[in-house]
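Following: one structure in structure tokens, then a few remarks.
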Amino acid sequence: MAQISRRPFLTCLGIVSLVLGSLLSVVSLSVALAATPSDSRAIAISLRELPRDANTPEARRLFGATILRGFSVFTDAEGPNVVLLAVRAPDSPPLQLDDFLVAWLNVSTERQWPGCSIDPRPETIRRLNEIERWWAIEERPDRVDALMRQWAEVARAPQRVVIFGVSRDTHFAQVMVEADYHLKDLVHGRVKLPGMRSLFEIRWQESLARLRDPSAPPESRGSISRFWFNAGQPRIYRDENTVILDECPVVLKTEEEAAFPDGTTRGLGRPEPRAQDFAEEFTRSFEKIAEKQPIYRELQGLYRMVAIAHALYQQEEPPNLQEMIDNLVRAAPIRRVQVPSTLPGKVRTEKAEIEEEVPGGILRACTWVLACGGVTVNPRVTPECEIRTSNPRMRAISELSFRLQPNPRSVWWDVGPSSVLYLGRSD
């Protein structure tokens with residue numbers, strides 16, 4: 001039989017970036033409770049009394065709270081008080097007092113929204129593009145393999161870690177960096193999760209299909225995509241005394257980018273189809289991903305921190321609210337953590353070779369699937385949509401948190417099953 005030699009082609013995932021989007025959304029009561037174990041509890045934390053115990057390990061972990069739901073205002077024997085309302089669910093990472101204080105300082109000083117970026121330097125992008133151009137015209141298999149090794153080495157170059165909106169030496173910044181850096185492992189398929197294909201796997205399967213199709217033209221094209229999380233429009237319930245922020249399902253979106261000879265990139269205003277497939281699969285699988293990878297649950301917690309801090313900042317009563325939180329900031333200085341200034345680029349390269357009978361001969365061909373990336377995160381959580389309501393359940397939340405307070409000097413207390421803090425669409 002005749003040999004049919006097909007020109008190998010390159011499938012390059014290119015520079016993969018992430019923008020963590022802006023808003024929160026509402027889900028029904030049944031969906032909200034589905035992510036919360038039945039033995040989880042609702043708790044109240046007094047902002048007025050918290051400074052007294054703020055440096056204890058329990059207070060630093062917000063007494064085991066795992067989901068921040070809102071806050072309530074009431075007056076007791078010691079005067080006006082504001083209590084945070086939260087859920088304490090087993091087997092979930094506890095929230096950090098430091099993150100709440102960082103969120104408050106961000107919104108109260110009207111800084112740029114919290115975010116970070118892990119960016120490949122323009123020189124790295126420029127060199128990758130040069131290698132891809134050489135690869136497109138190279139015919140010798142040994143030289144092609146050498147170029148692939150060179151591509152991977154360049155892609156591992158250190159990328160700049162930039163923090164904005166918050167101090168870089170905080171746990172808040174650390175969570176953002178770890179979450180977006182970890183995303184590349186999911187994009188590359190290095191971390192595998194049931195029921196979800198990585199972008200690498202999607203492109204790999206596409207490449208093999210093209211190799212087996214005699215009519216498919218060879219391809220040598222890098223796809224550069226950025227991704228961002230966006231949970232839609234927020235839904236915040238508010239009455240005279242209480243604010244409740246509903247659950248916030250996370251949506252991953254994407255846009256294709258073009259790379260220029262000088263190493264800069266520009267958005268094209270459209271998604272790359274395979275990147276869109278991955279974004280949709282990621283969105284459908286987010287809750288499962290967060291169960292397996294707690295860093296995404298922590299990241300989701302930051303969204304809620306900023307949203308509720310913003311709602312607190314807009315709260316007109318009590319007039320001494322600012323003083324309460326200022327006392328807390330003084331009593332519990334934000335602890336400093338080390339966030340690296342650079343991180344190595346993450347790379348995955350695979351080579352597939354096939355040899356099989358096709359009409360007219362034997363097909364011998366190969367393909368490479370490559371991935372590297374930089375990540376940008378921008379959690380713009382702005383409560384733009386409020387529902388002002390006199391719903392009896394809202395009043396009941398405020399009354400319950402007041403009635404179950406053991407005494408006016410209590411720092412925190414249990415207010416019942418977590419379901420008392422969930423309202424749902426029917427409200």
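Quick note on naming: the chains in the structure tokens go A, B, ... in the order shown, residues restart at 1 in each chain, and ligands are numbered from 1 in order of appearance.
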Using only C-alpha atoms, what does the table of range 49-111 of chain A residues within 12 Å of range 397-403 of chain A look like, with each row giving the shortest atom pair and its distance in Å to one decimal, sorted by chain and ascending number, as a Markdown table?
```
| residue | atom | partner | partner_atom | distance |
| --- | --- | --- | --- | --- |
| A:Arg69 | CA | A:Ile397 | CA | 11.4 |
| A:Gly70 | CA | A:Ile397 | CA | 10.5 |
| A:Phe71 | CA | A:Ser398 | CA | 8.7 |
| A:Ser72 | CA | A:Ser398 | CA | 5.8 |
| A:Val73 | CA | A:Ser398 | CA | 7.3 |
| A:Phe74 | CA | A:Phe402 | CA | 7.1 |
| A:Thr75 | CA | A:Phe402 | CA | 8.5 |
| A:Asp76 | CA | A:Phe402 | CA | 7.9 |
| A:Ala77 | CA | A:Phe402 | CA | 11.1 |
| A:Pro80 | CA | A:Phe402 | CA | 11.5 |
| A:Asn81 | CA | A:Phe402 | CA | 9.8 |
| A:Val82 | CA | A:Phe402 | CA | 10.4 |
| A:Val83 | CA | A:Ser401 | CA | 8.2 |
| A:Leu84 | CA | A:Ser401 | CA | 9.8 |
| A:Leu85 | CA | A:Ser401 | CA | 8.5 |
| A:Ala86 | CA | A:Ser401 | CA | 11.2 |
```
Could you write out the selected residues, including C-alpha atoms, as an mmCIF file, in the first residue's frame?
```
data_model
loop_
_atom_site.group_PDB
_atom_site.id
_atom_site.type_symbol
_atom_site.label_atom_id
_atom_site.label_comp_id
_atom_site.auth_asym_id
_atom_site.auth_seq_id
_atom_site.Cartn_x
_atom_site.Cartn_y
_atom_site.Cartn_z
ATOM 1 C CA ARG A 69 -25.138 35.648 54.068
ATOM 2 C CA GLY A 70 -25.708 39.230 55.249
ATOM 3 C CA PHE A 71 -26.166 41.298 58.384
ATOM 4 C CA SER A 72 -28.819 42.603 60.763
ATOM 5 C CA VAL A 73 -29.091 45.783 62.847
ATOM 6 C CA PHE A 74 -30.798 46.017 66.229
ATOM 7 C CA THR A 75 -30.488 47.781 69.573
ATOM 8 C CA ASP A 76 -29.942 45.908 72.833
ATOM 9 C CA ALA A 77 -29.070 46.922 76.398
ATOM 10 C CA PRO A 80 -26.903 49.789 68.638
ATOM 11 C CA ASN A 81 -25.375 46.612 67.245
ATOM 12 C CA VAL A 82 -24.638 45.139 63.821
ATOM 13 C CA VAL A 83 -24.322 41.367 63.525
ATOM 14 C CA LEU A 84 -22.975 39.458 60.571
ATOM 15 C CA LEU A 85 -25.202 36.544 59.553
ATOM 16 C CA ALA A 86 -23.394 33.458 58.307
#
```
- request: Just the strand (DSSP E or B) stuff from range 12-211 of chain A, please, per backbone DSSP, written as a ChimeraX atom specification.
  value: /A:12-20,41-46,67-76,79-88,115-119,158-164,193,196
Could those residues be written to a file, using N, CA and C atoms, as a compact mmCIF listing (two decimals), in the first residue's frame?
```
# COMPACT_ATOMS: atom_id res chain seq x y z
N CYS A 12 -2.32 24.76 19.52
CA CYS A 12 -1.70 25.49 20.62
C CYS A 12 -2.76 26.24 21.40
N LEU A 13 -2.87 25.94 22.69
CA LEU A 13 -3.84 26.65 23.51
C LEU A 13 -3.37 28.05 23.85
N GLY A 14 -2.10 28.27 23.72
CA GLY A 14 -1.56 29.61 23.82
C GLY A 14 -1.62 30.20 25.20
N ILE A 15 -1.74 31.52 25.25
CA ILE A 15 -1.75 32.24 26.51
C ILE A 15 -3.17 32.24 27.05
N VAL A 16 -3.40 31.51 28.10
CA VAL A 16 -4.74 31.35 28.65
C VAL A 16 -4.88 32.29 29.84
N SER A 17 -5.84 33.19 29.80
CA SER A 17 -5.98 34.14 30.89
C SER A 17 -7.38 34.11 31.44
N LEU A 18 -7.53 34.63 32.66
CA LEU A 18 -8.80 34.58 33.38
C LEU A 18 -9.11 35.93 33.97
N VAL A 19 -10.29 36.43 33.70
CA VAL A 19 -10.77 37.62 34.39
C VAL A 19 -11.92 37.19 35.27
N LEU A 20 -11.77 37.34 36.55
CA LEU A 20 -12.84 36.96 37.46
C LEU A 20 -13.84 38.09 37.50
N ARG A 41 -25.35 25.16 60.36
CA ARG A 41 -26.03 26.05 61.29
C ARG A 41 -25.88 27.50 60.85
N ALA A 42 -26.86 28.32 61.25
CA ALA A 42 -26.78 29.76 61.06
C ALA A 42 -26.22 30.37 62.34
N ILE A 43 -25.29 31.32 62.19
CA ILE A 43 -24.72 31.98 63.35
C ILE A 43 -24.73 33.49 63.15
N ALA A 44 -24.70 34.21 64.26
CA ALA A 44 -24.60 35.67 64.25
C ALA A 44 -23.30 36.08 64.94
N ILE A 45 -22.61 37.08 64.39
CA ILE A 45 -21.34 37.56 64.92
C ILE A 45 -21.46 39.07 65.15
N SER A 46 -21.29 39.51 66.38
CA SER A 46 -21.47 40.91 66.74
C SER A 46 -20.24 41.73 66.35
N ILE A 67 -20.02 30.54 54.95
CA ILE A 67 -20.74 31.32 53.94
C ILE A 67 -21.29 32.57 54.60
N LEU A 68 -20.90 33.73 54.12
CA LEU A 68 -21.43 34.98 54.64
C LEU A 68 -22.72 35.30 53.92
N ARG A 69 -23.82 35.47 54.67
CA ARG A 69 -25.14 35.65 54.07
C ARG A 69 -25.64 37.09 54.13
N GLY A 70 -25.21 37.87 55.14
CA GLY A 70 -25.71 39.23 55.25
C GLY A 70 -25.45 39.80 56.63
N PHE A 71 -26.31 40.70 57.05
CA PHE A 71 -26.17 41.30 58.38
C PHE A 71 -27.51 41.82 58.86
N SER A 72 -27.59 42.08 60.16
CA SER A 72 -28.82 42.60 60.76
C SER A 72 -28.44 43.68 61.78
N VAL A 73 -29.32 44.66 61.93
CA VAL A 73 -29.09 45.78 62.85
C VAL A 73 -30.20 45.77 63.91
N PHE A 74 -29.81 45.88 65.16
CA PHE A 74 -30.80 46.02 66.23
C PHE A 74 -30.16 46.74 67.41
N THR A 75 -30.96 47.10 68.37
CA THR A 75 -30.49 47.78 69.57
C THR A 75 -30.79 46.91 70.78
N ASP A 76 -29.76 46.67 71.61
CA ASP A 76 -29.94 45.91 72.83
C ASP A 76 -29.56 46.77 74.03
N GLY A 79 -26.72 49.17 73.50
CA GLY A 79 -26.83 50.17 72.45
C GLY A 79 -26.94 49.54 71.07
N PRO A 80 -26.78 50.32 70.00
CA PRO A 80 -26.90 49.79 68.64
C PRO A 80 -25.87 48.70 68.37
N ASN A 81 -26.28 47.71 67.58
CA ASN A 81 -25.38 46.61 67.25
C ASN A 81 -25.62 46.19 65.80
N VAL A 82 -24.56 45.73 65.16
CA VAL A 82 -24.64 45.14 63.82
C VAL A 82 -24.06 43.75 63.91
N VAL A 83 -24.82 42.74 63.48
CA VAL A 83 -24.32 41.37 63.52
C VAL A 83 -24.24 40.81 62.11
N LEU A 84 -23.11 40.19 61.83
CA LEU A 84 -22.98 39.46 60.57
C LEU A 84 -23.77 38.16 60.67
N LEU A 85 -24.43 37.79 59.61
CA LEU A 85 -25.20 36.54 59.55
C LEU A 85 -24.49 35.59 58.60
N ALA A 86 -24.21 34.39 59.09
CA ALA A 86 -23.39 33.46 58.31
C ALA A 86 -23.86 32.04 58.53
N VAL A 87 -23.42 31.17 57.62
CA VAL A 87 -23.68 29.74 57.72
C VAL A 87 -22.38 29.05 58.12
N ARG A 88 -22.49 28.10 59.03
CA ARG A 88 -21.34 27.27 59.41
C ARG A 88 -21.63 25.85 58.95
N GLY A 115 -8.20 42.61 42.81
CA GLY A 115 -7.88 41.74 41.69
C GLY A 115 -6.41 41.41 41.63
N CYS A 116 -6.06 40.54 40.74
CA CYS A 116 -4.66 40.21 40.49
C CYS A 116 -4.50 39.76 39.06
N SER A 117 -3.30 39.76 38.59
CA SER A 117 -3.01 39.21 37.26
C SER A 117 -1.69 38.46 37.33
N ILE A 118 -1.63 37.37 36.59
CA ILE A 118 -0.39 36.61 36.42
C ILE A 118 -0.09 36.65 34.93
N ASP A 119 0.79 37.55 34.55
CA ASP A 119 0.95 37.90 33.13
C ASP A 119 2.28 37.42 32.57
N PRO A 158 9.24 32.90 34.00
CA PRO A 158 8.49 33.53 35.10
C PRO A 158 7.50 34.57 34.58
N GLN A 159 6.32 34.59 35.20
CA GLN A 159 5.27 35.55 34.85
C GLN A 159 5.05 36.48 36.05
N ARG A 160 4.78 37.73 35.77
CA ARG A 160 4.63 38.73 36.83
C ARG A 160 3.30 38.56 37.54
N VAL A 161 3.35 38.61 38.86
CA VAL A 161 2.15 38.56 39.68
C VAL A 161 1.86 39.98 40.15
N VAL A 162 0.76 40.54 39.69
CA VAL A 162 0.38 41.92 40.01
C VAL A 162 -0.90 41.89 40.83
N ILE A 163 -0.91 42.63 41.94
CA ILE A 163 -2.08 42.73 42.81
C ILE A 163 -2.60 44.16 42.74
N PHE A 164 -3.90 44.32 42.65
CA PHE A 164 -4.46 45.67 42.67
C PHE A 164 -5.70 45.71 43.54
N LEU A 193 -11.32 16.13 36.84
CA LEU A 193 -12.53 16.06 37.65
C LEU A 193 -13.59 15.28 36.88
N MET A 196 -16.01 16.39 33.54
CA MET A 196 -15.57 17.64 32.95
C MET A 196 -14.31 17.41 32.12
```
field: Which of range 2-203 of chain A fall in helix (DSSP H, G or I), as number ranges by chain
entry: A: 29-34, 50-53, 57-60, 62-64, 97-108, 122-137, 141-155, 171-188, 199-203
Deliver the residues from the most recent selection as a file, using C-alpha atoms, as a short mmCIF file (atom, residue, chain, number, x, y, z; two decimals), in the first residue's frame.
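So the final result, stored in again.cif, reads:
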```cif
data_model
loop_
_atom_site.label_atom_id
_atom_site.label_comp_id
_atom_site.auth_asym_id
_atom_site.auth_seq_id
_atom_site.Cartn_x
_atom_site.Cartn_y
_atom_site.Cartn_z
CA LEU A 29 -34.17 28.22 47.78
CA SER A 30 -33.83 24.61 46.72
CA VAL A 31 -30.62 25.32 44.80
CA ALA A 32 -29.18 27.40 47.63
CA LEU A 33 -29.75 24.69 50.18
CA ALA A 34 -28.44 21.95 47.92
CA LEU A 50 -15.90 41.23 68.22
CA PRO A 51 -12.89 43.51 68.94
CA ARG A 52 -12.70 42.07 72.45
CA ASP A 53 -11.86 38.56 71.15
CA PRO A 57 -7.94 31.69 66.74
CA GLU A 58 -11.73 31.22 66.78
CA ALA A 59 -12.43 34.85 65.91
CA ARG A 60 -9.77 34.86 63.18
CA LEU A 62 -15.04 33.86 62.16
CA PHE A 63 -16.13 31.11 64.55
CA GLY A 64 -16.26 28.52 61.79
CA LEU A 97 -11.64 37.75 59.53
CA ASP A 98 -8.67 39.22 57.67
CA ASP A 99 -10.51 38.83 54.34
CA PHE A 100 -13.54 40.66 55.69
CA LEU A 101 -11.37 43.52 56.94
CA VAL A 102 -9.53 43.72 53.61
CA ALA A 103 -12.88 43.82 51.78
CA TRP A 104 -14.14 46.57 54.09
CA LEU A 105 -10.99 48.67 53.64
CA ASN A 106 -11.29 48.27 49.88
CA VAL A 107 -14.90 49.46 49.58
CA SER A 108 -14.73 52.08 52.35
CA PRO A 122 5.56 40.51 26.21
CA GLU A 123 8.99 39.09 25.45
CA THR A 124 7.71 35.60 26.28
CA ILE A 125 4.71 35.96 23.97
CA ARG A 126 6.93 37.34 21.21
CA ARG A 127 9.37 34.41 21.45
CA LEU A 128 6.54 31.85 21.47
CA ASN A 129 5.13 33.41 18.31
CA GLU A 130 8.56 33.25 16.66
CA ILE A 131 8.93 29.56 17.50
CA GLU A 132 5.45 28.82 16.10
CA ARG A 133 6.38 30.56 12.83
CA TRP A 134 9.55 28.45 12.52
CA TRP A 135 7.55 25.33 13.33
CA ALA A 136 5.05 26.07 10.54
CA ILE A 137 7.74 25.83 7.85
CA PRO A 141 10.92 15.67 12.39
CA ASP A 142 13.94 15.96 14.70
CA ARG A 143 13.97 19.73 14.28
CA VAL A 144 10.21 19.93 14.88
CA ASP A 145 10.65 18.04 18.16
CA ALA A 146 13.45 20.40 19.16
CA LEU A 147 11.26 23.41 18.47
CA MET A 148 8.53 21.93 20.65
CA ARG A 149 10.98 21.50 23.52
CA GLN A 150 12.15 25.07 23.04
CA TRP A 151 8.53 26.29 23.02
CA ALA A 152 7.85 24.56 26.33
CA GLU A 153 11.01 25.99 27.89
CA VAL A 154 10.10 29.53 26.86
CA ALA A 155 6.51 29.09 28.08
CA HIS A 171 -4.58 36.32 52.63
CA PHE A 172 -7.19 37.93 50.35
CA ALA A 173 -4.56 38.45 47.64
CA GLN A 174 -3.12 34.99 48.25
CA VAL A 175 -6.49 33.31 47.61
CA MET A 176 -6.96 35.17 44.33
CA VAL A 177 -3.49 34.23 43.10
CA GLU A 178 -3.81 30.58 44.13
CA ALA A 179 -7.25 30.27 42.52
CA ASP A 180 -6.32 31.71 39.17
CA TYR A 181 -2.98 29.87 39.08
CA HIS A 182 -4.80 26.62 39.83
CA LEU A 183 -7.28 27.26 37.02
CA LYS A 184 -4.54 26.59 34.50
CA ASP A 185 -4.22 23.05 35.84
CA LEU A 186 -7.91 22.57 35.03
CA VAL A 187 -7.48 24.18 31.60
CA HIS A 188 -4.53 21.87 30.90
CA LEU A 199 -9.67 22.64 27.25
CA PHE A 200 -6.54 20.61 26.55
CA GLU A 201 -8.62 17.43 26.16
CA ILE A 202 -11.19 19.18 23.96
CA ARG A 203 -8.46 20.39 21.59
#
```
- prompt: With only C-alpha atoms as the atoms that count, which of A:Asn241, A:Arg336, A:Asn320, A:Gly189 lies nearest to Thr349 in chain A?
  reply: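 Among A:Asn241, A:Arg336, A:Asn320, A:Gly189, it is A:Gly189 that comes nearest to Thr349 in chain A.
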task: To one decimal in Å, tell me the separation between CA of Glu240 in chain A and CA of Leu421 in chain A.
output: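 Answer for the CA of Glu240 in chain A to CA of Leu421 in chain A separation: 16.4 Å.
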- request: Choose the residue, out of A:Leu95, A:Gly195, A:Asp169, A:Gly269, that has the smallest atom-to-atom separation from Lys288 in chain A; count only C-alpha atoms.
  value: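 Ranked by minimum distance to Lys288 in chain A, first place goes to A:Gly195.
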